[in-house]
$ cat my_file-v2.pdb   # PDB, C-alpha atoms
ATOM      1  CA  MET A 216     -16.403  12.413 -29.654
ATOM      2  CA  GLU A 217     -16.951   8.704 -29.995
ATOM      3  CA  LEU A 218     -15.025   6.084 -28.046
ATOM      4  CA  GLN A 219     -14.842   2.442 -29.074
ATOM      5  CA  THR A 220     -15.005   0.018 -26.159
ATOM      6  CA  THR A 221     -15.089  -3.767 -26.059
ATOM      7  CA  ARG A 222     -17.643  -4.028 -23.235
ATOM      8  CA  PHE A 223     -19.912  -1.058 -23.841
ATOM      9  CA  GLY A 224     -19.762  -0.682 -27.628
ATOM     10  CA  THR A 225     -19.335   2.796 -29.044
ATOM     11  CA  ILE A 226     -20.007   5.450 -26.448
ATOM     12  CA  THR A 227     -20.189   9.211 -26.812
ATOM     13  CA  ILE A 228     -17.949  11.214 -24.527
ATOM     14  CA  GLU A 229     -17.026  14.854 -24.169
ATOM     15  CA  PRO A 230     -13.332  15.801 -24.147
ATOM     16  CA  GLU A 231     -13.761  17.005 -20.561
ATOM     17  CA  ASP A 232     -14.918  13.521 -19.511
ATOM     18  CA  ILE A 233     -11.365  12.263 -20.007
ATOM     19  CA  ILE A 234      -9.353  11.842 -16.803
ATOM     20  CA  THR A 235      -5.577  11.903 -17.221
ATOM     21  CA  PHE A 236      -3.421   9.654 -15.034
ATOM     22  CA  PRO A 237       0.029  11.189 -15.565
ATOM     23  CA  ASP A 238       1.757   8.090 -14.159
ATOM     24  CA  GLY A 239      -0.728   5.509 -15.448
ATOM     25  CA  LEU A 240      -1.857   2.709 -13.143
ATOM     26  CA  VAL A 241       0.420   0.595 -10.941
ATOM     27  CA  GLY A 242       2.089  -1.922 -13.253
ATOM     28  CA  LEU A 243       0.255  -0.422 -16.223
ATOM     29  CA  SER A 244       2.050   2.872 -16.645
ATOM     30  CA  HIS A 245       1.291   3.050 -20.381
ATOM     31  CA  LEU A 246      -2.436   3.606 -19.751
ATOM     32  CA  LYS A 247      -2.910   7.293 -19.019
ATOM     33  CA  GLN A 248      -6.383   8.326 -20.163
ATOM     34  CA  PHE A 249      -9.670   7.019 -18.824
ATOM     35  CA  VAL A 250     -13.346   7.785 -18.575
ATOM     36  CA  LEU A 251     -15.635   6.812 -15.695
ATOM     37  CA  ILE A 252     -18.687   4.794 -16.667
ATOM     38  CA  ARG A 253     -21.554   4.114 -14.272
ATOM     39  CA  HIS A 254     -22.479   0.464 -14.012
ATOM     40  CA  SER A 255     -26.091   1.516 -13.549
ATOM     41  CA  ASP A 256     -27.999   4.193 -11.687
ATOM     42  CA  GLU A 257     -27.897   3.608  -7.924
ATOM     43  CA  SER A 258     -25.019   1.117  -8.242
ATOM     44  CA  PRO A 259     -21.846   1.705  -6.197
ATOM     45  CA  PHE A 260     -19.885   0.153  -9.077
ATOM     46  CA  ARG A 261     -18.164   2.093 -11.837
ATOM     47  CA  TRP A 262     -15.887   1.166 -14.712
ATOM     48  CA  LEU A 263     -12.602   2.903 -15.370
ATOM     49  CA  GLN A 264     -12.517   2.574 -19.137
ATOM     50  CA  SER A 265      -9.244   3.166 -20.959
ATOM     51  CA  VAL A 266      -9.416   5.668 -23.797
ATOM     52  CA  GLU A 267      -6.293   4.143 -25.322
ATOM     53  CA  GLU A 268      -7.201   0.436 -25.121
ATOM     54  CA  PRO A 269     -10.810  -0.421 -26.010
ATOM     55  CA  GLY A 270     -10.577  -3.776 -24.205
ATOM     56  CA  PHE A 271      -9.291  -2.391 -20.907
ATOM     57  CA  ALA A 272     -11.875  -1.403 -18.288
ATOM     58  CA  MET A 273     -11.386  -1.970 -14.557
ATOM     59  CA  LEU A 274     -14.307  -2.638 -12.256
ATOM     60  CA  ILE A 275     -14.199  -0.201  -9.334
ATOM     61  CA  ILE A 276     -16.425   0.584  -6.356
ATOM     62  CA  ASP A 277     -17.026   3.360  -3.852
ATOM     63  CA  PRO A 278     -15.024   2.037  -0.842
ATOM     64  CA  TRP A 279     -17.249   3.770   1.732
ATOM     65  CA  PHE A 280     -20.155   1.677   0.490
ATOM     66  CA  PHE A 281     -18.755  -1.243   2.521
ATOM     67  CA  ARG A 282     -16.051   0.401   4.698
ATOM     68  CA  PRO A 283     -17.375   3.671   6.150
ATOM     69  CA  ASP A 284     -14.202   3.977   8.256
ATOM     70  CA  TYR A 285     -11.895   3.801   5.222
ATOM     71  CA  GLU A 286      -9.148   6.416   5.328
ATOM     72  CA  VAL A 287      -6.977   7.632   2.478
ATOM     73  CA  VAL A 288      -3.915   9.631   3.489
ATOM     74  CA  LEU A 289      -2.202  11.212   0.498
ATOM     75  CA  SER A 290       1.521  11.957   0.334
ATOM     76  CA  ASP A 291       2.852  15.313  -0.814
ATOM     77  CA  LEU A 292       3.782  13.642  -4.092
ATOM     78  CA  ASP A 293       0.215  12.369  -4.565
ATOM     79  CA  VAL A 294      -1.219  15.847  -3.941
ATOM     80  CA  GLU A 295       1.259  17.357  -6.372
ATOM     81  CA  ARG A 296       0.645  14.796  -9.130
ATOM     82  CA  LEU A 297      -3.119  15.226  -8.730
ATOM     83  CA  GLN A 298      -2.789  19.029  -8.642
ATOM     84  CA  LEU A 299      -5.156  18.776  -5.704
ATOM     85  CA  SER A 300      -6.236  22.017  -4.074
ATOM     86  CA  GLU A 301      -8.386  22.377  -0.948
ATOM     87  CA  GLU A 302     -11.522  23.120  -2.919
ATOM     88  CA  ALA A 303     -11.005  20.515  -5.659
ATOM     89  CA  ILE A 304     -13.679  17.849  -6.000
ATOM     90  CA  ARG A 305     -12.141  14.505  -5.149
ATOM     91  CA  TRP A 306     -13.425  11.041  -5.876
ATOM     92  CA  VAL A 307     -12.008   7.795  -4.517
ATOM     93  CA  TYR A 308     -12.636   4.307  -5.879
ATOM     94  CA  VAL A 309     -11.032   0.929  -5.276
ATOM     95  CA  THR A 310     -10.585  -1.890  -7.777
ATOM     96  CA  VAL A 311     -12.768  -4.990  -7.518
ATOM     97  CA  SER A 312     -11.693  -8.539  -8.374
ATOM     98  CA  ILE A 313     -14.356 -11.161  -9.040
ATOM     99  CA  PRO A 314     -13.076 -14.765  -8.954
ATOM    100  CA  SER A 315     -14.354 -16.646 -11.977
ATOM    101  CA  GLY A 316     -17.917 -17.851 -11.335
ATOM    102  CA  LYS A 317     -17.896 -16.656  -7.700
ATOM    103  CA  PRO A 318     -19.286 -13.122  -7.559
ATOM    104  CA  HIS A 319     -20.015 -13.555  -3.815
ATOM    105  CA  ALA A 320     -16.247 -13.889  -3.202
ATOM    106  CA  MET A 321     -15.451 -10.524  -4.794
ATOM    107  CA  THR A 322     -12.646  -8.582  -3.163
ATOM    108  CA  ALA A 323     -11.567  -4.954  -3.139
ATOM    109  CA  ASN A 324      -8.035  -3.563  -3.121
ATOM    110  CA  LEU A 325      -8.022  -1.052  -0.266
ATOM    111  CA  LEU A 326      -4.225  -0.718  -0.353
ATOM    112  CA  ALA A 327      -4.119   1.084  -3.693
ATOM    113  CA  PRO A 328      -7.141   3.360  -4.204
ATOM    114  CA  ILE A 329      -7.811   5.311  -7.382
ATOM    115  CA  VAL A 330      -7.968   8.985  -6.425
ATOM    116  CA  ILE A 331      -9.398  11.479  -8.913
ATOM    117  CA  ASN A 332      -9.289  15.243  -8.861
ATOM    118  CA  GLY A 333     -12.661  15.852 -10.485
ATOM    119  CA  SER A 334     -11.962  19.548 -10.948
ATOM    120  CA  ALA A 335      -8.670  19.145 -12.834
ATOM    121  CA  ARG A 336      -9.646  15.770 -14.361
ATOM    122  CA  ARG A 337      -6.484  14.145 -13.060
ATOM    123  CA  GLY A 338      -6.172  10.722 -11.493
ATOM    124  CA  ARG A 339      -3.637   8.622  -9.661
ATOM    125  CA  GLN A 340      -3.471   5.154  -8.189
ATOM    126  CA  VAL A 341      -2.091   5.787  -4.727
ATOM    127  CA  ILE A 342      -0.250   3.161  -2.657
ATOM    128  CA  LEU A 343      -1.162   3.648   0.998
ATOM    129  CA  ASP A 344       1.288   3.098   3.832
ATOM    130  CA  ASP A 345      -1.352   1.685   6.181
ATOM    131  CA  GLU A 346      -1.216  -1.752   7.760
ATOM    132  CA  ARG A 347      -5.009  -1.945   8.095
ATOM    133  CA  TYR A 348      -5.418  -2.423   4.379
ATOM    134  CA  THR A 349      -4.599  -5.225   1.968
ATOM    135  CA  THR A 350      -5.113  -5.848  -1.743
ATOM    136  CA  ARG A 351      -7.971  -8.322  -1.098
ATOM    137  CA  HIS A 352     -10.784  -7.339   1.272
ATOM    138  CA  PRO A 353     -13.831  -9.598   0.849
ATOM    139  CA  ILE A 354     -16.586  -7.067   0.143
ATOM    140  CA  LEU A 355     -19.563  -9.085   1.419
ATOM    141  CA  GLN A 356     -17.791 -10.010   4.658
ATOM    142  CA  GLU A 357     -16.913  -6.365   5.215
ATOM    143  CA  MET A 358     -20.599  -5.500   4.759
ATOM    144  CA  TRP A 359     -21.627  -8.198   7.216
ATOM    145  CA  ARG A 360     -19.146  -6.887   9.772
ATOM    146  CA  LEU A 361     -20.553  -3.404   9.249
ATOM    147  CA  VAL A 362     -24.085  -4.610  10.037
ATOM    148  CA  GLU A 363     -22.861  -6.396  13.186
ATOM    149  CA  THR A 364     -21.061  -3.273  14.359
ATOM    150  CA  GLN A 365     -24.190  -1.197  13.820
ATOM    151  CA  GLN A 366     -26.305  -3.752  15.683
ATOM    152  CA  ALA A 367     -23.824  -3.858  18.575
ATOM    153  CA  ALA A 368     -23.976  -0.076  18.760
ATOM    154  CA  GLY A 369     -27.756  -0.397  19.083
TER
ATOM    155  CA  MET B 148      22.921  -8.134 -13.481
ATOM    156  CA  LEU B 149      25.532  -6.029 -11.751
ATOM    157  CA  VAL B 150      26.514  -7.485  -8.379
ATOM    158  CA  LEU B 151      28.274  -5.371  -5.739
ATOM    159  CA  THR B 152      29.420  -6.208  -2.240
ATOM    160  CA  ARG B 153      28.726  -3.575   0.433
ATOM    161  CA  LYS B 154      29.190  -3.298   4.188
ATOM    162  CA  VAL B 155      26.858  -1.674   6.688
ATOM    163  CA  ASN B 156      26.650   2.120   6.180
ATOM    164  CA  GLN B 157      28.063   1.812   2.683
ATOM    165  CA  SER B 158      25.848   2.732  -0.222
ATOM    166  CA  ILE B 159      25.481   2.654  -3.964
ATOM    167  CA  MET B 160      24.452   5.478  -6.275
ATOM    168  CA  ILE B 161      22.028   4.909  -9.130
ATOM    169  CA  GLY B 162      22.549   7.814 -11.471
ATOM    170  CA  ASP B 163      23.076  11.171  -9.758
ATOM    171  CA  ASP B 164      19.937  11.212  -7.651
ATOM    172  CA  ILE B 165      19.270   7.809  -6.137
ATOM    173  CA  GLU B 166      21.227   6.379  -3.221
ATOM    174  CA  VAL B 167      20.631   2.994  -1.600
ATOM    175  CA  ILE B 168      22.297   2.561   1.800
ATOM    176  CA  VAL B 169      22.764  -0.683   3.742
ATOM    177  CA  LEU B 170      21.654   0.271   7.264
ATOM    178  CA  GLU B 171      21.662  -3.034   9.091
ATOM    179  CA  VAL B 172      22.211  -6.727   8.437
ATOM    180  CA  ARG B 173      20.672  -9.131  10.915
ATOM    181  CA  GLY B 174      20.550 -12.809   9.957
ATOM    182  CA  GLU B 175      18.464 -13.059   6.790
ATOM    183  CA  GLN B 176      17.152  -9.513   7.034
ATOM    184  CA  VAL B 177      18.724  -6.483   5.452
ATOM    185  CA  ARG B 178      17.531  -2.966   6.226
ATOM    186  CA  LEU B 179      17.969  -0.545   3.351
ATOM    187  CA  GLY B 180      17.673   3.209   3.262
ATOM    188  CA  ILE B 181      16.709   4.801  -0.032
ATOM    189  CA  LYS B 182      17.275   8.432  -0.931
ATOM    190  CA  ALA B 183      15.506   9.328  -4.151
ATOM    191  CA  PRO B 184      13.753  12.328  -5.688
ATOM    192  CA  ARG B 185      10.112  12.561  -4.612
ATOM    193  CA  GLU B 186       8.853  11.761  -8.107
ATOM    194  CA  ILE B 187      10.532   8.331  -7.986
ATOM    195  CA  ALA B 188       8.152   5.764  -6.508
ATOM    196  CA  VAL B 189       9.820   3.187  -4.258
ATOM    197  CA  HIS B 190       7.847   0.110  -3.201
ATOM    198  CA  ARG B 191       8.448  -3.403  -2.000
ATOM    199  CA  ARG B 192       8.320  -5.546  -5.100
ATOM    200  CA  GLU B 193       5.699  -7.983  -3.759
ATOM    201  CA  ILE B 194       3.288  -5.132  -2.973
ATOM    202  CA  TYR B 195       3.763  -3.612  -6.396
ATOM    203  CA  GLU B 196       3.151  -6.999  -8.021
ATOM    204  CA  ALA B 197       0.080  -7.698  -5.883
ATOM    205  CA  ILE B 198      -1.471  -4.367  -6.923
ATOM    206  CA  GLN B 199      -0.655  -4.993 -10.573
ATOM    207  CA  ARG B 200      -2.311  -8.413 -10.265
ATOM    208  CA  GLU B 201      -5.489  -6.892  -8.764
ATOM    209  CA  ASN B 202      -5.575  -4.253 -11.504
ATOM    210  CA  LEU B 203      -5.427  -6.928 -14.191
ATOM    211  CA  MET B 204      -8.052  -8.995 -12.384
ATOM    212  CA  ALA B 205     -10.368  -5.964 -12.070
ATOM    213  CA  ALA B 206      -9.980  -5.566 -15.836
ATOM    214  CA  GLN B 207     -11.143  -9.170 -16.371
ATOM    215  CA  ALA B 208     -14.564  -8.433 -14.873
ATOM    216  CA  LYS B 209     -17.548  -8.671 -17.176
ATOM    217  CA  PRO B 210     -20.583  -6.429 -16.779
ATOM    218  CA  GLU B 211     -22.871  -9.474 -16.432
ATOM    219  CA  ASP B 212     -20.887 -10.677 -13.379
ATOM    220  CA  VAL B 213     -21.542  -7.477 -11.461
ATOM    221  CA  PRO B 214     -24.510  -7.508  -9.091
ATOM    222  CA  GLN B 215     -26.833  -4.500  -9.351
ATOM    223  CA  THR B 216     -25.832  -3.829  -5.802
ATOM    224  CA  PRO B 217     -23.770  -6.208  -3.652
ATOM    225  CA  ALA B 218     -26.158  -8.645  -2.000
ATOM    226  CA  PRO B 219     -27.373  -7.443   1.388
ATOM    227  CA  PRO B 220     -25.470  -9.227   4.137
ATOM    228  CA  ASN B 221     -27.053 -12.475   5.258
ATOM    229  CA  LYS B 222     -25.986 -15.819   6.668
ATOM    230  CA  SER B 223     -25.219 -17.341   3.292
ATOM    231  CA  ALA B 224     -23.018 -14.428   2.306
ATOM    232  CA  ARG B 225     -21.253 -14.756   5.630
ATOM    233  CA  SER B 226     -20.420 -18.411   5.168
ATOM    234  CA  ALA B 227     -19.527 -17.988   1.502
TER
END
$ encode --input "my_file-v2.pdb" --output "structure tokens"
Amino acid sequence: MELQTTRFGTITIEPEDIITFPDGLVGLSHLKQFVLIRHSDESPFRWLQSVEEPGFAMLIIDPWFFRPDYEVVLSDLDVERLQLSEEAIRWVYVTVSIPSGKPHAMTANLLAPIVINGSARRGRQVILDDERYTTRHPILQEMWRLVETQQAAG
Amino acid sequence: MLVLTRKVNQSIMIGDDIEVIVLEVRGEQVRLGIKAPREIAVHRREIYEAIQRENLMAAQAKPEDVPQTPAPPNKSARSA
């Protein structure tokens, strides 16, 4: 099937590419169906493109790309809504905000990751109860800290 | 807006399933207990709003603003 998008033009998707978010996104509960689009090969960035709204696509990134110690603890409700079984393939992404004209100041929201059950094609934006995480982690500073930690460890 | 006055350990019911209990009042702080079905999400409003704001901001991003890969860490990135 064909999907009209504002950013990527008309793209061809298979019905099984569609990921259903039964509760939508936080503050955007009306958006329930998305497809994942790679930014480019080798890039840690993806786009979560709405099937319902051609103009809505969130920039997301693999959180472990810059925070290898990142931990996502799911509640029973999260597991249930995702229909997550032990053997299900799970993907986790976090949203990325780029201040206008300042890509180096981009931040990631580690407090509310997007968790996807790749096997059942279900997704959910989870709100973590973890004081280590905020809605705005500077990505480049996190990467710098990572390098320093690795250097300190020899 | 409905306004009710409650004392400590008193509660209000919202529908049949949701109960909000006043646990403690200390100066400007009020501790609330919330009993609700598991499928009802309960969050502090400012956290909910902050996440909504980040979601909308992530949806403002344009493909041309996205680096192929985030720049490798260096001094300039550190001071930026």
$ resolve_selection --input "my_file-v2.pdb" --expression "the PyMOL selection byres ((chain A) within 9 of (chain B))" --output "ChimeraX atom specification"
/A:222-223,240-243,254-255,257-260,263,270-275,291-292,296,310-320,323-324,326-327,342,350-351,354-356,358-360,362
$ resolve_selection --input "my_file-v2.pdb" --expression "the PyMOL selection byres ((chain A and resi 231) around 10)" --output "VMD selection string"
chain A and resid 228 to 230 232 to 234 250 335 to 336
$ write_last_selection --input "my_file-v2.pdb" --atoms "C-alpha atoms" --output "mmCIF file, in the frame of the given file"
data_model
loop_
_atom_site.group_PDB
_atom_site.id
_atom_site.type_symbol
_atom_site.label_atom_id
_atom_site.label_comp_id
_atom_site.auth_asym_id
_atom_site.auth_seq_id
_atom_site.Cartn_x
_atom_site.Cartn_y
_atom_site.Cartn_z
ATOM 1 C CA ILE A 228 -17.949 11.214 -24.527
ATOM 2 C CA GLU A 229 -17.026 14.854 -24.169
ATOM 3 C CA PRO A 230 -13.332 15.801 -24.147
ATOM 4 C CA ASP A 232 -14.918 13.521 -19.511
ATOM 5 C CA ILE A 233 -11.365 12.263 -20.007
ATOM 6 C CA ILE A 234 -9.353 11.842 -16.803
ATOM 7 C CA VAL A 250 -13.346 7.785 -18.575
ATOM 8 C CA ALA A 335 -8.670 19.145 -12.834
ATOM 9 C CA ARG A 336 -9.646 15.770 -14.361
#
$ resolve_selection --input "my_file-v2.pdb" --expression "the PyMOL selection byres ((chain B and resi 160) around 12)" --output "ChimeraX atom specification"
/B:151,157-159,161-169,180-183
$ axis_aligned_box --input "my_file-v2.pdb" --around "range 234-248 of chain A" --padding-each-side "5 Å" --output "JSON"
{"center_x": -3.6, "center_y": 5.0, "center_z": -15.7, "size_x": 21.4, "size_y": 23.8, "size_z": 19.4}
$ atom_distance --input "my_file-v2.pdb" --atom1 "CA of Ile252 in chain A" --atom2 "CA of Gln264 in chain A"
7.0 Å
$ residues_around --input "my_file-v2.pdb" --residues "Ser290 in chain A" --least-positions-apart "5" --cutoff "9 Å" --atoms "all atoms listed in the file" --output "list of chain:residue names"
A:Glu295, A:Val341, A:Leu343
$ atom_distance --input "my_file-v2.pdb" --atom1 "CA of Glu357 in chain A" --atom2 "CA of Phe280 in chain A"
9.9 Å
$ atom_distance --input "my_file-v2.pdb" --atom1 "CA of Arg337 in chain A" --atom2 "CA of Ile276 in chain A"
18.1 Å
$ residues_around --input "my_file-v2.pdb" --residues "Val266 in chain A" --least-positions-apart "6" --cutoff "9 Å" --atoms "all atoms listed in the file" --output "number ranges by chain"
A: 218-220, 233, 246-250
$ write_last_selection --input "my_file-v2.pdb" --atoms "C-alpha atoms" --output "JSON list (two decimals), in the frame of the given file"
[["chain", "number", "residue", "atom", "x", "y", "z"],
["A", 218, "LEU", "CA", -15.02, 6.08, -28.05],
["A", 219, "GLN", "CA", -14.84, 2.44, -29.07],
["A", 220, "THR", "CA", -15.00, 0.02, -26.16],
["A", 233, "ILE", "CA", -11.36, 12.26, -20.01],
["A", 246, "LEU", "CA", -2.44, 3.61, -19.75],
["A", 247, "LYS", "CA", -2.91, 7.29, -19.02],
["A", 248, "GLN", "CA", -6.38, 8.33, -20.16],
["A", 249, "PHE", "CA", -9.67, 7.02, -18.82],
["A", 250, "VAL", "CA", -13.35, 7.78, -18.58]]
